[in-house]
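Source file: entry.txt; contents: compact mmCIF, C-alpha atoms and all ligand atoms.
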```txt
# COMPACT_ATOMS: atom_id res chain seq x y z
CA MET A 1223 0.00 0.00 0.00
CA LYS A 1224 1.17 3.48 -0.82
CA ALA A 1225 -0.02 6.63 0.94
CA HIS A 1226 0.29 10.17 -0.38
CA SER A 1227 -0.29 13.36 1.51
CA PHE A 1228 -0.22 17.11 1.07
CA VAL A 1229 1.92 19.14 3.41
CA THR A 1230 1.22 22.68 4.56
CA LYS A 1231 4.07 24.36 6.35
CA ILE A 1232 3.52 26.72 9.24
CA TYR A 1233 6.71 28.36 10.43
CA GLU A 1234 7.46 29.77 13.86
CA SER A 1235 10.55 31.72 14.82
CA GLN A 1236 11.79 34.62 16.91
CA ILE A 1237 13.14 38.06 16.00
CA THR A 1238 14.69 40.73 18.19
CA PHE A 1239 14.05 44.49 18.25
CA ASP A 1240 14.19 47.46 20.60
CA HIS A 1241 10.84 46.91 22.34
CA LYS A 1242 10.78 50.22 24.20
CA LYS A 1243 11.52 52.20 21.04
CA LEU A 1244 8.89 50.27 19.10
CA MET A 1245 6.20 50.96 21.68
CA GLN A 1246 6.96 54.69 21.45
CA VAL A 1247 6.72 54.61 17.65
CA ILE A 1248 3.46 52.64 17.70
CA LYS A 1249 1.92 55.08 20.20
CA LYS A 1250 2.07 57.77 17.51
CA GLU A 1251 0.18 55.64 14.97
CA LYS A 1252 -3.54 56.18 14.72
CA MET A 1253 -5.49 52.98 15.26
CA GLU A 1254 -8.97 52.75 13.85
CA LYS A 1255 -11.63 50.56 15.32
CA PHE A 1256 -12.48 47.56 13.23
CA PRO A 1257 -15.52 45.76 14.66
CA TYR A 1258 -13.49 43.51 16.93
CA MET A 1259 -10.00 45.07 17.26
CA LYS A 1260 -8.01 48.25 16.44
CA THR A 1261 -5.93 48.52 13.28
CA THR A 1262 -3.72 50.84 11.25
CA TYR A 1263 -4.84 49.01 8.08
CA PHE A 1264 -7.30 51.64 6.84
CA LYS A 1265 -4.94 54.54 7.40
CA GLU A 1266 -1.71 53.00 6.14
CA LYS A 1267 -1.49 49.99 3.82
CA ASN A 1268 2.24 49.31 4.28
CA ILE A 1269 3.29 50.62 7.66
CA LEU A 1270 6.49 48.59 7.76
CA LEU A 1271 7.91 50.73 4.95
CA LYS A 1272 7.60 53.94 6.95
CA LYS A 1273 10.97 55.39 7.98
CA GLU A 1274 10.16 55.12 11.69
CA PHE A 1275 9.72 51.35 11.32
CA LYS A 1276 12.96 50.70 9.46
CA PHE A 1277 14.57 49.07 12.51
CA LEU A 1278 11.64 46.65 12.73
CA LEU A 1279 11.71 45.93 8.99
CA ASP A 1280 15.40 45.07 9.32
CA SER A 1281 14.53 42.49 11.99
CA CYS A 1282 11.61 41.03 10.01
CA GLN A 1283 13.70 40.54 6.87
CA LYS A 1284 15.63 37.58 8.27
CA PHE A 1285 12.43 35.62 8.83
CA TYR A 1286 11.02 36.63 5.42
CA GLN A 1287 14.22 35.43 3.80
CA GLU A 1288 14.25 32.15 5.73
CA VAL A 1289 10.66 31.26 4.83
CA ALA A 1290 11.14 32.26 1.18
CA GLY A 1291 14.35 30.22 0.94
CA ASP A 1292 12.81 27.13 2.52
CA ASN A 1293 10.12 27.20 -0.19
CA GLN A 1294 12.58 27.71 -3.05
CA TYR A 1295 11.63 31.32 -3.64
CA ALA A 1296 14.42 33.67 -4.66
CA SER A 1297 12.85 36.99 -3.76
CA TRP A 1298 9.88 38.61 -2.13
CA ARG A 1299 7.96 41.84 -1.82
CA ILE A 1300 5.90 43.21 1.04
CA ILE A 1301 2.48 43.87 -0.45
CA MET A 1302 0.80 45.04 2.75
CA SER A 1303 1.67 45.46 6.39
CA TRP A 1304 -0.34 46.77 9.30
CA ILE A 1305 -0.50 46.79 13.09
CA GLN A 1306 -3.38 45.43 15.11
CA ARG A 1307 -4.13 45.98 18.76
CA TYR A 1308 -6.38 43.64 20.71
CA ASP A 1309 -7.83 45.12 23.87
CA LYS A 1310 -9.79 43.08 26.38
CA GLY A 1311 -12.43 40.98 24.62
CA ASN A 1312 -11.09 41.78 21.14
CA PHE A 1313 -10.67 38.94 18.65
CA HIS A 1314 -10.44 38.23 14.91
CA ASP A 1315 -12.72 35.62 13.41
CA THR A 1316 -11.71 32.98 10.85
CA HIS A 1317 -10.32 34.38 7.60
CA ILE A 1318 -7.75 33.86 4.88
CA HIS A 1319 -5.53 36.49 3.23
CA SER A 1320 -5.36 35.22 -0.37
CA THR A 1321 -5.92 32.19 -2.56
CA SER A 1322 -2.67 32.69 -4.50
CA PRO A 1323 0.01 30.11 -3.59
CA GLN A 1324 2.78 32.73 -3.83
CA TYR A 1325 1.10 34.98 -1.30
CA TRP A 1326 2.18 34.39 2.30
CA SER A 1327 0.91 35.72 5.62
CA PHE A 1328 3.30 36.74 8.39
CA VAL A 1329 2.49 37.73 11.96
CA PHE A 1330 4.99 39.25 14.40
CA TYR A 1331 4.08 39.60 18.07
CA LEU A 1332 5.19 43.07 19.14
CA ASP A 1333 3.65 43.32 22.59
CA CYS A 1334 1.91 40.72 24.73
CA ASN A 1335 2.17 38.78 27.96
CA GLU A 1336 1.42 35.29 29.30
CA ASP A 1337 -2.38 35.70 29.00
CA SER A 1338 -2.54 37.22 25.52
CA SER A 1339 -4.81 35.28 23.20
CA LYS A 1340 -3.43 32.71 20.79
CA THR A 1341 -3.55 32.67 17.00
CA ILE A 1342 -5.24 29.45 15.89
CA VAL A 1343 -4.22 28.13 12.49
CA LEU A 1344 -6.70 25.80 10.78
CA GLU A 1345 -6.35 23.32 7.90
CA PRO A 1346 -6.34 24.66 4.33
CA GLY A 1347 -9.86 24.27 2.97
CA TYR A 1348 -11.55 24.76 6.34
CA PRO A 1349 -14.56 24.63 6.92
CA TYR A 1350 -15.10 22.31 3.91
CA ILE A 1351 -12.19 20.19 5.11
CA ASP A 1352 -12.07 19.74 8.84
CA GLU A 1353 -10.13 16.89 10.37
CA ARG A 1354 -10.10 18.86 13.63
CA LYS A 1355 -6.42 19.65 13.26
CA ARG A 1356 -5.35 22.94 14.81
CA VAL A 1357 -2.05 24.71 15.38
CA ALA A 1358 -2.16 27.11 18.33
CA ILE A 1359 0.48 29.84 18.35
CA LYS A 1360 1.12 31.31 21.78
CA PRO A 1361 2.26 34.93 21.52
CA LYS A 1362 5.60 36.01 22.96
CA ILE A 1363 7.38 39.28 22.28
CA GLY A 1364 9.44 38.89 19.10
CA GLY A 1365 7.69 35.64 18.22
CA CYS A 1366 6.66 35.28 14.59
CA VAL A 1367 4.67 32.92 12.44
CA ALA A 1368 4.25 32.44 8.69
CA PHE A 1369 1.92 30.36 6.53
CA PRO A 1370 0.50 30.45 2.99
CA GLY A 1371 -2.19 33.11 2.52
CA TYR A 1372 -4.87 30.50 1.81
CA VAL A 1373 -4.57 28.98 5.30
CA PRO A 1374 -7.55 29.93 7.51
CA HIS A 1375 -6.80 31.30 10.96
CA PHE A 1376 -8.39 33.26 13.78
CA VAL A 1377 -7.47 35.05 17.01
CA GLU A 1378 -9.16 33.96 20.22
CA PRO A 1379 -10.80 36.64 22.39
CA ASN A 1380 -8.14 38.46 24.37
CA ILE A 1381 -8.53 38.43 28.13
CA ASN A 1382 -6.12 41.30 28.84
CA ASN A 1383 -5.17 44.64 27.28
CA LYS A 1384 -1.79 43.58 25.96
CA ARG A 1385 -1.68 42.15 22.48
CA VAL A 1386 -0.12 44.08 19.59
CA VAL A 1387 0.85 42.37 16.35
CA LEU A 1388 2.32 43.31 13.01
CA SER A 1389 0.68 41.48 10.11
CA SER A 1390 2.21 41.45 6.66
CA ASN A 1391 1.37 39.90 3.32
CA LEU A 1392 4.26 38.95 1.09
CA GLN A 1393 4.39 38.02 -2.55
CA PHE A 1394 7.12 35.45 -3.22
CA TYR A 1395 8.96 35.15 -6.54
CA LYS A 1396 10.84 32.19 -8.03
CA GLU A 1397 13.21 34.55 -9.81
CA LYS A 1398 15.52 37.14 -8.29
CA GLY A 1399 14.52 40.76 -8.41
CA GLY A 1400 11.06 40.72 -6.83
CA HIS A 1401 12.80 42.36 -3.94
CA ASP A 1402 15.82 44.51 -4.74
CA GLY A 1403 16.61 45.74 -1.29
CA GLU A 1404 15.51 48.74 0.62
CA LYS A 1405 15.68 51.23 -2.24
CA LYS A 1406 13.04 49.39 -4.20
CA LEU A 1407 10.90 48.92 -1.10
CA ARG A 1408 11.11 52.62 -0.42
CA ALA A 1409 10.13 53.40 -4.03
CA GLN A 1410 7.23 50.98 -3.70
CA PHE A 1411 6.11 52.77 -0.55
CA GLU A 1412 6.26 56.19 -2.20
CA ASP A 1413 4.35 54.80 -5.16
CA ASN A 1414 1.61 53.46 -2.87
CA LYS A 1415 1.48 56.81 -1.11
CA ILE A 1416 0.98 58.72 -4.34
CA LYS A 1417 -1.84 56.38 -5.37
CA GLU A 1418 -3.54 56.85 -2.01
CA ASP A 1419 -3.26 60.62 -2.14
CA LYS A 1420 -5.03 60.73 -5.50
FE FE B 1 -4.98 37.16 9.40
```

Structure re-expressed in structure tokens:
Amino acid sequence: MKAHSFVTKIYESQITFDHKKLMQVIKKEKMEKFPYMKTTYFKEKNILLKKEFKFLLDSCQKFYQEVAGDNQYASWRIIMSWIQRYDKGNFHDTHIHSTSPQYWSFVFYLDCNEDSSKTIVLEPGYPYIDERKRVAIKPKIGGCVAFPGYVPHFVEPNINNKRVVLSSNLQFYKEKGGHDGEKKLRAQFEDNKIKEDK
């Protein structure tokens, strides 16, 4: 007998950054209320490319690179990035980010403590496919997780007031040049800005 299976990779790792500095920078960002949490998403579509966040982007890049490399991608581009704050009782119900296989979701835990709610990753195809398999990611400062954009996930209701995450969507490329370093990222950011201003 021969058995075949499909594998979906969910990566977890850890990055380091100046936490105190980051909290000061985030304080200045306007968070808008989405029904069940606060977000910068509506105000700024790629917050990680702002100058003030460069030190955080530098830390995130190592994880981006690692995940891309492990999936035989040669380059990547940050399509969107935003910060979300979960106050007491806040949550995020089940969703996916994209159906494109080259589109990956990344979450970085920027501020949290022992009680902060977990991110629950479900099987691809959920709820049509449900073998009751779940991956629970417990937040810790600097912790990060990545999975393909088509993987459903949700955030459990938070029981404290300490849970801040950076979410980002990346497009991966098989060929080099999708990401040409900071200069191109910066140009991309300016380009997005101009479009938004119009
Ligand atoms: Fe998400």

Identify, on the basis of all atoms listed in the file, every residue whose closest approach to A:Lys1243 does not exceed 12 Å; exclude the query and any residue fewer than 2 positions from it along the same chain; express the result as an mmCIF file with C-alpha atoms, in the coordinates of the input.
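Saved file out35.cif follows:
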```cif
data_model
loop_
_atom_site.group_PDB
_atom_site.id
_atom_site.type_symbol
_atom_site.label_atom_id
_atom_site.label_comp_id
_atom_site.auth_asym_id
_atom_site.auth_seq_id
_atom_site.Cartn_x
_atom_site.Cartn_y
_atom_site.Cartn_z
ATOM 1 C CA PHE A 1239 14.050 44.490 18.250
ATOM 2 C CA ASP A 1240 14.190 47.460 20.600
ATOM 3 C CA HIS A 1241 10.840 46.910 22.340
ATOM 4 C CA MET A 1245 6.200 50.960 21.680
ATOM 5 C CA GLN A 1246 6.960 54.690 21.450
ATOM 6 C CA VAL A 1247 6.720 54.610 17.650
ATOM 7 C CA ILE A 1248 3.460 52.640 17.700
ATOM 8 C CA LYS A 1249 1.920 55.080 20.200
ATOM 9 C CA LYS A 1250 2.070 57.770 17.510
ATOM 10 C CA GLU A 1274 10.160 55.120 11.690
ATOM 11 C CA PHE A 1275 9.720 51.350 11.320
ATOM 12 C CA LYS A 1276 12.960 50.700 9.460
ATOM 13 C CA PHE A 1277 14.570 49.070 12.510
ATOM 14 C CA LEU A 1278 11.640 46.650 12.730
ATOM 15 C CA LEU A 1332 5.190 43.070 19.140
ATOM 16 C CA ASP A 1333 3.650 43.320 22.590
#
```

Exercise. Between A:Phe1264, A:Phe1330, A:Tyr1348, A:Phe1313, which is the closest to A:Ser1281 once you count only C-alpha atoms?
Worked result: A:Phe1330

Could you give me, as JSON lines, every chain A residue with an atom at most 9 Å from ligand FE 1 (chain B), plus its closest atom pair and distance in Å to one decimal, counting all atoms listed in the file, rows ordered by chain then number?
```
{"residue": "A:His1314", "atom": "CA", "partner": "B:FE1", "partner_atom": "FE", "distance": 7.8}
{"residue": "A:Asp1315", "atom": "CA", "partner": "B:FE1", "partner_atom": "FE", "distance": 8.9}
{"residue": "A:Thr1316", "atom": "CA", "partner": "B:FE1", "partner_atom": "FE", "distance": 8.1}
{"residue": "A:His1317", "atom": "CA", "partner": "B:FE1", "partner_atom": "FE", "distance": 6.3}
{"residue": "A:Ile1318", "atom": "CA", "partner": "B:FE1", "partner_atom": "FE", "distance": 6.2}
{"residue": "A:His1319", "atom": "CA", "partner": "B:FE1", "partner_atom": "FE", "distance": 6.2}
{"residue": "A:Ser1327", "atom": "CA", "partner": "B:FE1", "partner_atom": "FE", "distance": 7.1}
{"residue": "A:Phe1328", "atom": "CA", "partner": "B:FE1", "partner_atom": "FE", "distance": 8.4}
{"residue": "A:Val1329", "atom": "CA", "partner": "B:FE1", "partner_atom": "FE", "distance": 7.9}
{"residue": "A:Thr1341", "atom": "CA", "partner": "B:FE1", "partner_atom": "FE", "distance": 8.9}
{"residue": "A:Gly1371", "atom": "CA", "partner": "B:FE1", "partner_atom": "FE", "distance": 8.5}
{"residue": "A:Pro1374", "atom": "CA", "partner": "B:FE1", "partner_atom": "FE", "distance": 7.9}
{"residue": "A:His1375", "atom": "CA", "partner": "B:FE1", "partner_atom": "FE", "distance": 6.3}
{"residue": "A:Phe1376", "atom": "CA", "partner": "B:FE1", "partner_atom": "FE", "distance": 6.8}
{"residue": "A:Val1377", "atom": "CA", "partner": "B:FE1", "partner_atom": "FE", "distance": 8.3}
{"residue": "A:Ser1389", "atom": "CA", "partner": "B:FE1", "partner_atom": "FE", "distance": 7.2}
{"residue": "A:Ser1390", "atom": "CA", "partner": "B:FE1", "partner_atom": "FE", "distance": 8.8}
```

For this session: Please identify all polymer residues within 9 Å of stretch 1286-1292 of chain A, counting only C-alpha atoms, omitting same-chain residues fewer than 3 positions from it, and present them as an NGL selection string.
Result: :A and (1233 or 1282-1283 or 1295-1298 or 1328 or 1368-1369 or 1392 or 1394-1395)

For the selection just defined, write its residues with C-alpha atoms to a file, as a tab-separated table (two decimals), in the frame of the given file.
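Now in selection-v8.tsv:
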```tsv
chain	number	residue	atom	x	y	z
A	1233	TYR	CA	6.71	28.36	10.43
A	1282	CYS	CA	11.61	41.03	10.01
A	1283	GLN	CA	13.70	40.54	6.87
A	1295	TYR	CA	11.63	31.32	-3.64
A	1296	ALA	CA	14.42	33.67	-4.66
A	1297	SER	CA	12.85	36.99	-3.76
A	1298	TRP	CA	9.88	38.61	-2.13
A	1328	PHE	CA	3.30	36.74	8.39
A	1368	ALA	CA	4.25	32.44	8.69
A	1369	PHE	CA	1.92	30.36	6.53
A	1392	LEU	CA	4.26	38.95	1.09
A	1394	PHE	CA	7.12	35.45	-3.22
A	1395	TYR	CA	8.96	35.15	-6.54
```

Problem set entry | Using only C-alpha atoms: which of A:Pro1323, A:Gly1364, A:Gly1311, A:Pro1257 has the shortest distance to A:Glu1378 |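 Distance minimum relative to A:Glu1378 lands on A:Gly1311.
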
Problem set entry | One-decimal distance in Å that lies between atom CA of A:Tyr1331 and atom CA of A:Ile1300 | 17.5 Å

Problem set entry | Between atom CA of A:Ile1301 and atom CA of A:Lys1267 - distance in Å to one decimal |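 So the answer is 8.5 Å.
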
Problem set entry | Separation of atom CA of A:Lys1384 from atom CA of A:Arg1307, in Å and rounded to one decimal | 7.9 Å

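Nearest to A:Lys1255 of all the residues A:Ile1269, A:Leu1279, A:Met1223, A:Tyr1308 is A:Tyr1308, counting all atoms listed in the file.
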
For this session: Name the closest residue to A:Ile1381 among the candidates A:Lys1355, A:Val1343, A:Tyr1350, A:Asn1312; distances are taken between atoms, counting only C-alpha atoms.
Result: A:Asn1312

Provide an axis-aligned box for all listed atoms of stretch 1323-1339 of chain A, padding each side by 3 Å; report its centre and its edge lengths in Å to one decimal, as lines of an AutoDock Vina configuration file.
```
center_x = 0.2
center_y = 36.7
center_z = 12.7
size_x = 16.0
size_y = 19.2
size_z = 39.1
```

For this session: Rank A:Thr1238, A:Ser1322, A:Asn1268, A:Asn1380 by their smallest atom-to-atom distance to A:Arg1299, using only C-alpha atoms, and report the top residue only.
Result: A:Asn1268

Exercise. Which residues, written as a ChimeraX atom specification, have at least one atom at most 9 Å from A:Lys1252, with all atoms listed in the file counted and residues fewer than 4 positions away on the same chain left out?
Worked result: /A:1248,1261-1262,1265

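Proximity ranking of A:Gln1324, A:Lys1396, A:Leu1388, A:Met1253 relative to A:Leu1270 places A:Leu1388 first, based on all atoms listed in the file.
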
Problem set entry | Residue neighbourhood A:Asn1383, 7 Å, only C-alpha atoms, exclusion window fewer than 2 positions, as a ChimeraX atom specification | /A:1308-1310,1385

If you keep C-alpha atoms, can you produce a file of those selected residues as an mmCIF file, keeping the file's coordinate frame?
```cif
data_model
loop_
_atom_site.group_PDB
_atom_site.id
_atom_site.type_symbol
_atom_site.label_atom_id
_atom_site.label_comp_id
_atom_site.auth_asym_id
_atom_site.auth_seq_id
_atom_site.Cartn_x
_atom_site.Cartn_y
_atom_site.Cartn_z
ATOM 1 C CA TYR A 1308 -6.380 43.640 20.710
ATOM 2 C CA ASP A 1309 -7.830 45.120 23.870
ATOM 3 C CA LYS A 1310 -9.790 43.080 26.380
ATOM 4 C CA ARG A 1385 -1.680 42.150 22.480
#
```

I need stretch 1251-1263 of chain A from the structure I supplied, saved as a PDB file, in the first residue's frame with N, CA and C atoms retained.
```
ATOM      1  N   GLU A1251       0.992  56.094  16.111  1.00  0.00           N
ATOM      2  CA  GLU A1251       0.181  55.645  14.974  1.00  0.00           C
ATOM      3  C   GLU A1251      -1.304  55.608  15.346  1.00  0.00           C
ATOM      4  N   LYS A1252      -2.091  56.150  14.455  1.00  0.00           N
ATOM      5  CA  LYS A1252      -3.535  56.180  14.719  1.00  0.00           C
ATOM      6  C   LYS A1252      -4.155  54.812  14.414  1.00  0.00           C
ATOM      7  N   MET A1253      -4.813  54.279  15.432  1.00  0.00           N
ATOM      8  CA  MET A1253      -5.486  52.981  15.258  1.00  0.00           C
ATOM      9  C   MET A1253      -6.980  53.225  15.072  1.00  0.00           C
ATOM     10  N   GLU A1254      -7.529  52.616  14.074  1.00  0.00           N
ATOM     11  CA  GLU A1254      -8.965  52.749  13.850  1.00  0.00           C
ATOM     12  C   GLU A1254      -9.682  51.492  14.316  1.00  0.00           C
ATOM     13  N   LYS A1255     -10.876  51.694  14.788  1.00  0.00           N
ATOM     14  CA  LYS A1255     -11.625  50.562  15.317  1.00  0.00           C
ATOM     15  C   LYS A1255     -12.241  49.750  14.186  1.00  0.00           C
ATOM     16  N   PHE A1256     -11.864  48.515  14.126  1.00  0.00           N
ATOM     17  CA  PHE A1256     -12.476  47.559  13.227  1.00  0.00           C
ATOM     18  C   PHE A1256     -13.465  46.857  14.162  1.00  0.00           C
ATOM     19  N   PRO A1257     -14.522  46.235  13.686  1.00  0.00           N
ATOM     20  CA  PRO A1257     -15.522  45.764  14.662  1.00  0.00           C
ATOM     21  C   PRO A1257     -14.968  45.102  15.920  1.00  0.00           C
ATOM     22  N   TYR A1258     -13.905  44.268  15.752  1.00  0.00           N
ATOM     23  CA  TYR A1258     -13.489  43.508  16.932  1.00  0.00           C
ATOM     24  C   TYR A1258     -12.025  43.684  17.334  1.00  0.00           C
ATOM     25  N   MET A1259     -11.366  44.715  16.819  1.00  0.00           N
ATOM     26  CA  MET A1259     -10.003  45.067  17.265  1.00  0.00           C
ATOM     27  C   MET A1259      -9.645  46.451  16.707  1.00  0.00           C
ATOM     28  N   LYS A1260      -8.438  46.959  17.007  1.00  0.00           N
ATOM     29  CA  LYS A1260      -8.008  48.247  16.441  1.00  0.00           C
ATOM     30  C   LYS A1260      -6.923  47.970  15.407  1.00  0.00           C
ATOM     31  N   THR A1261      -6.895  48.775  14.358  1.00  0.00           N
ATOM     32  CA  THR A1261      -5.933  48.515  13.283  1.00  0.00           C
ATOM     33  C   THR A1261      -5.444  49.794  12.598  1.00  0.00           C
ATOM     34  N   THR A1262      -4.252  49.725  12.052  1.00  0.00           N
ATOM     35  CA  THR A1262      -3.722  50.842  11.250  1.00  0.00           C
ATOM     36  C   THR A1262      -4.049  50.604   9.771  1.00  0.00           C
ATOM     37  N   TYR A1263      -4.642  49.477   9.461  1.00  0.00           N
ATOM     38  CA  TYR A1263      -4.842  49.010   8.083  1.00  0.00           C
ATOM     39  C   TYR A1263      -5.539  50.026   7.177  1.00  0.00           C
TER      40      TYR A1263
END
```
